[in-house]
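S.K.: What follows is a structure written as structure tokens; I'll ask about it next.
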Amino acid sequence: MPRYLLVNSDQALDSFSQLFGSNWPDDIVFVASTSDGMAACIRAQLPYTTLDLYSSKSEIISLGWHNYASLTLFCEHWDLAAQDYAPCLKNRSIKPFCFGYFDLKILIDSMSTKLLMLKNFIYHASGQEIFYLPEPNHKIVSGEFLRPSSEVNMFSVLLETFFNGEARLSPLPNPRANGLSILSSWRILAREKLRALRGAARTLQAFRKNRTGSKYLCFNFGHDISYVVPHLLNQQFQLIHPPSAPANTNPEIIKECHSLWQMLLTSNSFKEFFSHGEVSYFPLIKDSLEEYVNSVLPRAIAEYDYLCELLPKLDIKFSLTGTVNLGLVNRCRMLAAQDSGAPLITYQEGAGYGSIISPIYDFTEVIDGDAMLCYGTGNIEYYDDLGTSTKTLIPVGSAHQDAIRRGLRHRPPPDQIRTVMYVGTVVDDNVMHCPNNGLVSTLYRLSQFSIFRLLASLPAGTQIIVKPKPFDVFTPAALQLAEFKRIQIETRRFEKVINGIDLFILDFPSTVLLSCIATTAYVFVLAEEGVTGFTSKQKERLEKRAYLFEDFDSLASAVRDIAVSTAKFPLRLDDSYLMAYSLYMPDGRSAERAAEVLSGFSKSKKLQLPHT
């Protein structure tokens, strides 16, 4: 009977080597629990399997949908209970749990899917020895957000906390002190910082030109807002950044929040929500939930009160953001702007809002705030068909996609495939939500590995390029293998390298899909169940421009065929999907159109819609 080693990193293999020296047991099955663990096995040239393969894909998908339904009821119930118990919340219409829905969904998905996968794996192991690298840091949630930390090896924490009696666990020696790899721990923060810096750089020069006129707030630049700022300046709208509230917080509010936490702590139904099956993970996140209620919530209320006092003096016309999912403190700042008479407008951030099925935005972005500037009428159609109540949606087009189109060289459609580019994504091991967001990291990475092998098998004269996301450590590690030596890694920004490609292959068709279909290249899209998805109307439109595949084998067959000859693949150059979900109008004036709509917002919150 085999024994097992759970591999989450290079350190797990190093520690295993310290234990056994050069005489590794022959009966060990290496099980990668994370994408970093997969990369470690690849670098060490070890045969391995992945933890997700011990569970069925349908189980994980069903669990993700179940978590949406249960979390919605949880937030509605406990927001009302909290407001009834704490007047400081009711008087300000603050909903501490609905405002944290995005992070709570990530938290319960990450915990419950990992518990599910561990339970199924341990059942399969049938009492055989399982080696694992212990995790010294059991603080799964850190900071003011309720989402899990990327720095913690959550599988090890859950394994030794809940399965010590069910499995033969053998901790490896010398656990490292700093969680996952440094690259892994910085992925999300670095992405957010990079996006913010790009937005700030793009707006700084325009901001310096004019410091008079009407004022507006911006909480997050997203993909498109920085293109709009200069046009708002031309209409005498000044972007301001109000200071944060002073550090001191009302003692009465702190007392109310502490009392609220004690009420929640005595409620079995509150604590039991944070469970999967018979396993309650509430004890692991108790301190973080306490910090959220006792510390983050009072600070959020202080920020709300401070802006409610400050903003009327500034006569703010509206506030703008690329997302409302910026945590409780910022969401309370947004609420203060709304309550001061300034409508809260979101400018759609990328293609995840109603142009592919990405449910987490259906429960957050489109129902919170006053209005959304969306990319096209297809986004409105999606939410109409969904039948959920949304805020006002106004199509203006994507300013960022306009900029990409302006950089495209005119090129006739390809008559043969000389260059192929694959563009994937990064699915974080801990910060994840499902379904339709890549599902779980190791499952997605296994699919990627199949695509790499497919690309490496194409005719020798074909140039093969892989464009990884920034901070993706798995793809470079995988492509170091000798079998992939012909594959080029492209590290420049996607819009800088989009010209000259004959065939794009996508397996996570978010914003990058909008850029690809703006070219004349062939576009192949792998849309596997649970990883990503389209509605029937979206498929109908997209299949006039791209080729869609619901499983890898169908994609692989088509890629091999088109690499030899395009004869069986008539060009699809219809722009209906592009217009419905990206451009809205082909005039390249999305930024100007957005500025015109925004200037029509008044403190009475009445929308002045453009003539279309």
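In the structure tokens, chains take letters A, B, ... by order of appearance, with residues numbered from 1 within each chain and ligands from 1 in the order shown.
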Stretch 473-481 of chain A: which residues within 9 Å, counting only C-alpha atoms, same-chain residues fewer than 3 positions away excluded, as a list in words?
M.R.: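 Contacts, with the query itself left out: Ser35, Asp36, Met38, Ala39, Ala40, Ile42, Arg43, Gln45, Leu183, Ser184, Val426, Arg445, Gln448, Phe449, Phe452, Val466, Pro468, Lys469, Pro470, Phe484, Lys485, Ile487, Gln488 and Ile489 of chain A.
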S.K.: Would you export the selected residues with C-alpha atoms as a compact mmCIF listing (two decimals), in the first residue's frame, please?
M.R.:
# COMPACT_ATOMS: atom_id res chain seq x y z
CA SER A 35 -0.04 25.22 -7.70
CA ASP A 36 3.26 25.98 -5.95
CA MET A 38 2.85 21.34 -8.63
CA ALA A 39 5.68 23.65 -9.67
CA ALA A 40 7.93 22.07 -7.02
CA ILE A 42 7.84 19.71 -11.89
CA ARG A 43 11.17 21.31 -10.97
CA GLN A 45 11.03 16.02 -12.09
CA LEU A 183 6.02 35.39 -4.65
CA SER A 184 2.79 33.66 -3.70
CA VAL A 426 -3.85 32.73 -12.19
CA ARG A 445 -3.14 24.09 -13.64
CA GLN A 448 -2.99 24.30 -18.47
CA PHE A 449 -0.35 21.58 -18.50
CA PHE A 452 1.29 23.22 -22.96
CA VAL A 466 2.59 31.61 -23.92
CA PRO A 468 1.41 34.25 -18.43
CA LYS A 469 -0.22 36.65 -16.03
CA PRO A 470 2.07 38.82 -13.89
CA PHE A 484 8.50 22.64 -23.74
CA LYS A 485 11.79 24.19 -24.86
CA ILE A 487 7.62 27.50 -26.31
CA GLN A 488 8.40 31.22 -25.90
CA ILE A 489 7.34 33.05 -22.74
S.K.: Taking the chain letters and numbering used in this document, name the residues of stretch 484-606 of chain A that DSSP puts in alpha helix (DSSP H), as a PyMOL selection string.
M.R.: chain A and resi 494-497+511-516+536-542+552-564+576-578+590-599
S.K.: I need the residues from that last selection saved to file as a compact mmCIF listing (two decimals), in the first residue's frame (with N, CA and C atoms), if you can.
M.R.:
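The resulting out-v4.txt:
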# COMPACT_ATOMS: atom_id res chain seq x y z
N PHE A 494 -0.02 42.54 -22.45
CA PHE A 494 -0.72 41.88 -23.54
C PHE A 494 -0.98 42.81 -24.72
N GLU A 495 -1.39 44.04 -24.45
CA GLU A 495 -1.70 44.96 -25.54
C GLU A 495 -0.46 45.32 -26.36
N LYS A 496 0.73 45.09 -25.80
CA LYS A 496 1.97 45.36 -26.53
C LYS A 496 2.34 44.23 -27.49
N VAL A 497 1.74 43.05 -27.32
CA VAL A 497 2.16 41.89 -28.11
C VAL A 497 1.00 41.27 -28.89
N THR A 511 -11.40 39.69 -19.66
CA THR A 511 -11.13 40.89 -20.45
C THR A 511 -10.26 40.62 -21.66
N VAL A 512 -9.35 39.66 -21.55
CA VAL A 512 -8.45 39.36 -22.67
C VAL A 512 -9.23 38.90 -23.90
N LEU A 513 -10.39 38.28 -23.69
CA LEU A 513 -11.21 37.87 -24.83
C LEU A 513 -11.65 39.08 -25.65
N LEU A 514 -12.01 40.16 -24.99
CA LEU A 514 -12.45 41.36 -25.69
C LEU A 514 -11.34 41.92 -26.57
N SER A 515 -10.11 41.83 -26.08
CA SER A 515 -8.98 42.30 -26.87
C SER A 515 -8.72 41.39 -28.06
N CYS A 516 -8.80 40.09 -27.85
CA CYS A 516 -8.51 39.13 -28.93
C CYS A 516 -9.50 39.24 -30.07
N SER A 536 -26.61 31.05 -23.10
CA SER A 536 -26.90 30.63 -24.48
C SER A 536 -26.83 31.81 -25.44
N LYS A 537 -27.28 32.99 -25.00
CA LYS A 537 -27.22 34.17 -25.87
C LYS A 537 -25.78 34.61 -26.10
N GLN A 538 -24.96 34.54 -25.05
CA GLN A 538 -23.56 34.89 -25.20
C GLN A 538 -22.86 33.93 -26.16
N LYS A 539 -23.14 32.64 -26.03
CA LYS A 539 -22.55 31.65 -26.94
C LYS A 539 -22.96 31.93 -28.38
N GLU A 540 -24.24 32.23 -28.56
CA GLU A 540 -24.74 32.48 -29.91
C GLU A 540 -24.00 33.64 -30.57
N ARG A 541 -23.77 34.71 -29.80
CA ARG A 541 -23.04 35.85 -30.36
C ARG A 541 -21.56 35.52 -30.57
N LEU A 542 -20.95 34.93 -29.55
CA LEU A 542 -19.51 34.70 -29.60
C LEU A 542 -19.13 33.71 -30.69
N PHE A 552 -11.36 19.68 -23.26
CA PHE A 552 -10.02 19.80 -23.81
C PHE A 552 -9.83 18.97 -25.07
N ASP A 553 -10.38 17.77 -25.12
CA ASP A 553 -10.16 16.91 -26.29
C ASP A 553 -10.67 17.56 -27.57
N SER A 554 -11.82 18.22 -27.49
CA SER A 554 -12.36 18.90 -28.68
C SER A 554 -11.46 20.06 -29.09
N LEU A 555 -10.97 20.80 -28.11
CA LEU A 555 -10.04 21.90 -28.40
C LEU A 555 -8.77 21.35 -29.04
N ALA A 556 -8.21 20.29 -28.48
CA ALA A 556 -6.95 19.75 -28.97
C ALA A 556 -7.08 19.28 -30.41
N SER A 557 -8.17 18.62 -30.71
CA SER A 557 -8.38 18.15 -32.08
C SER A 557 -8.44 19.31 -33.06
N ALA A 558 -9.15 20.37 -32.68
CA ALA A 558 -9.27 21.53 -33.57
C ALA A 558 -7.94 22.26 -33.73
N VAL A 559 -7.18 22.38 -32.66
CA VAL A 559 -5.89 23.08 -32.74
C VAL A 559 -4.94 22.32 -33.66
N ARG A 560 -4.91 21.00 -33.53
CA ARG A 560 -4.03 20.21 -34.41
C ARG A 560 -4.44 20.36 -35.87
N ASP A 561 -5.74 20.37 -36.11
CA ASP A 561 -6.23 20.47 -37.50
C ASP A 561 -5.91 21.84 -38.10
N ILE A 562 -6.19 22.91 -37.36
CA ILE A 562 -6.01 24.24 -37.94
C ILE A 562 -4.53 24.57 -38.11
N ALA A 563 -3.67 23.95 -37.29
CA ALA A 563 -2.23 24.18 -37.44
C ALA A 563 -1.72 23.62 -38.76
N VAL A 564 -2.42 22.63 -39.30
CA VAL A 564 -2.05 22.04 -40.59
C VAL A 564 -2.70 22.80 -41.74
N SER A 576 -20.73 41.23 -33.41
CA SER A 576 -21.89 41.43 -32.53
C SER A 576 -21.53 41.23 -31.05
N TYR A 577 -20.68 40.25 -30.75
CA TYR A 577 -20.27 40.06 -29.35
C TYR A 577 -19.40 41.24 -28.90
N LEU A 578 -18.50 41.68 -29.76
CA LEU A 578 -17.63 42.82 -29.44
C LEU A 578 -18.45 44.07 -29.13
N SER A 590 -15.48 55.99 -25.93
CA SER A 590 -16.08 55.49 -24.68
C SER A 590 -15.76 56.41 -23.51
N ALA A 591 -14.53 56.88 -23.42
CA ALA A 591 -14.14 57.75 -22.30
C ALA A 591 -14.94 59.06 -22.33
N GLU A 592 -15.07 59.65 -23.52
CA GLU A 592 -15.85 60.88 -23.64
C GLU A 592 -17.32 60.63 -23.29
N ARG A 593 -17.83 59.48 -23.74
CA ARG A 593 -19.23 59.16 -23.47
C ARG A 593 -19.45 58.97 -21.96
N ALA A 594 -18.51 58.29 -21.30
CA ALA A 594 -18.61 58.11 -19.85
C ALA A 594 -18.59 59.45 -19.13
N ALA A 595 -17.71 60.35 -19.56
CA ALA A 595 -17.62 61.67 -18.92
C ALA A 595 -18.92 62.45 -19.09
N GLU A 596 -19.54 62.34 -20.28
CA GLU A 596 -20.80 63.04 -20.52
C GLU A 596 -21.90 62.52 -19.59
N VAL A 597 -21.96 61.19 -19.42
CA VAL A 597 -22.97 60.61 -18.54
C VAL A 597 -22.71 61.05 -17.10
N LEU A 598 -21.46 61.00 -16.67
CA LEU A 598 -21.13 61.37 -15.29
C LEU A 598 -21.45 62.82 -15.00
N SER A 599 -21.22 63.68 -15.97
CA SER A 599 -21.51 65.09 -15.74
C SER A 599 -23.00 65.35 -15.61
S.K.: How many Å separate atom CA of A:Thr72 from atom CA of A:His433?
M.R.: 14.6 Å
S.K.: Counting only C-alpha atoms, which of A:Cys257, A:His223, A:Leu6, A:Asn499 gets nearest to A:Leu89?
M.R.: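 Result for the nearest residue to A:Leu89: A:Cys257.
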S.K.: Between atom CA of A:Thr419 and atom CA of A:Lys568, what distance in Å does the model show, to one decimal?
M.R.: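 Spanning atom CA of A:Thr419 to atom CA of A:Lys568 is a straight-line distance of 18.0 Å.
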S.K.: Figure out the distance between atom CA of A:Ala371 and atom CA of A:Ala245, please, to one decimal in Å.
M.R.: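 Answer for the atom CA of A:Ala245 to atom CA of A:Ala371 separation: 26.5 Å.
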S.K.: Which residue out of A:Asp574, A:Asp224, A:Glu160, A:Glu144 has the minimum interatomic distance to A:Ala351 when only C-alpha atoms are used?
M.R.: A:Asp224
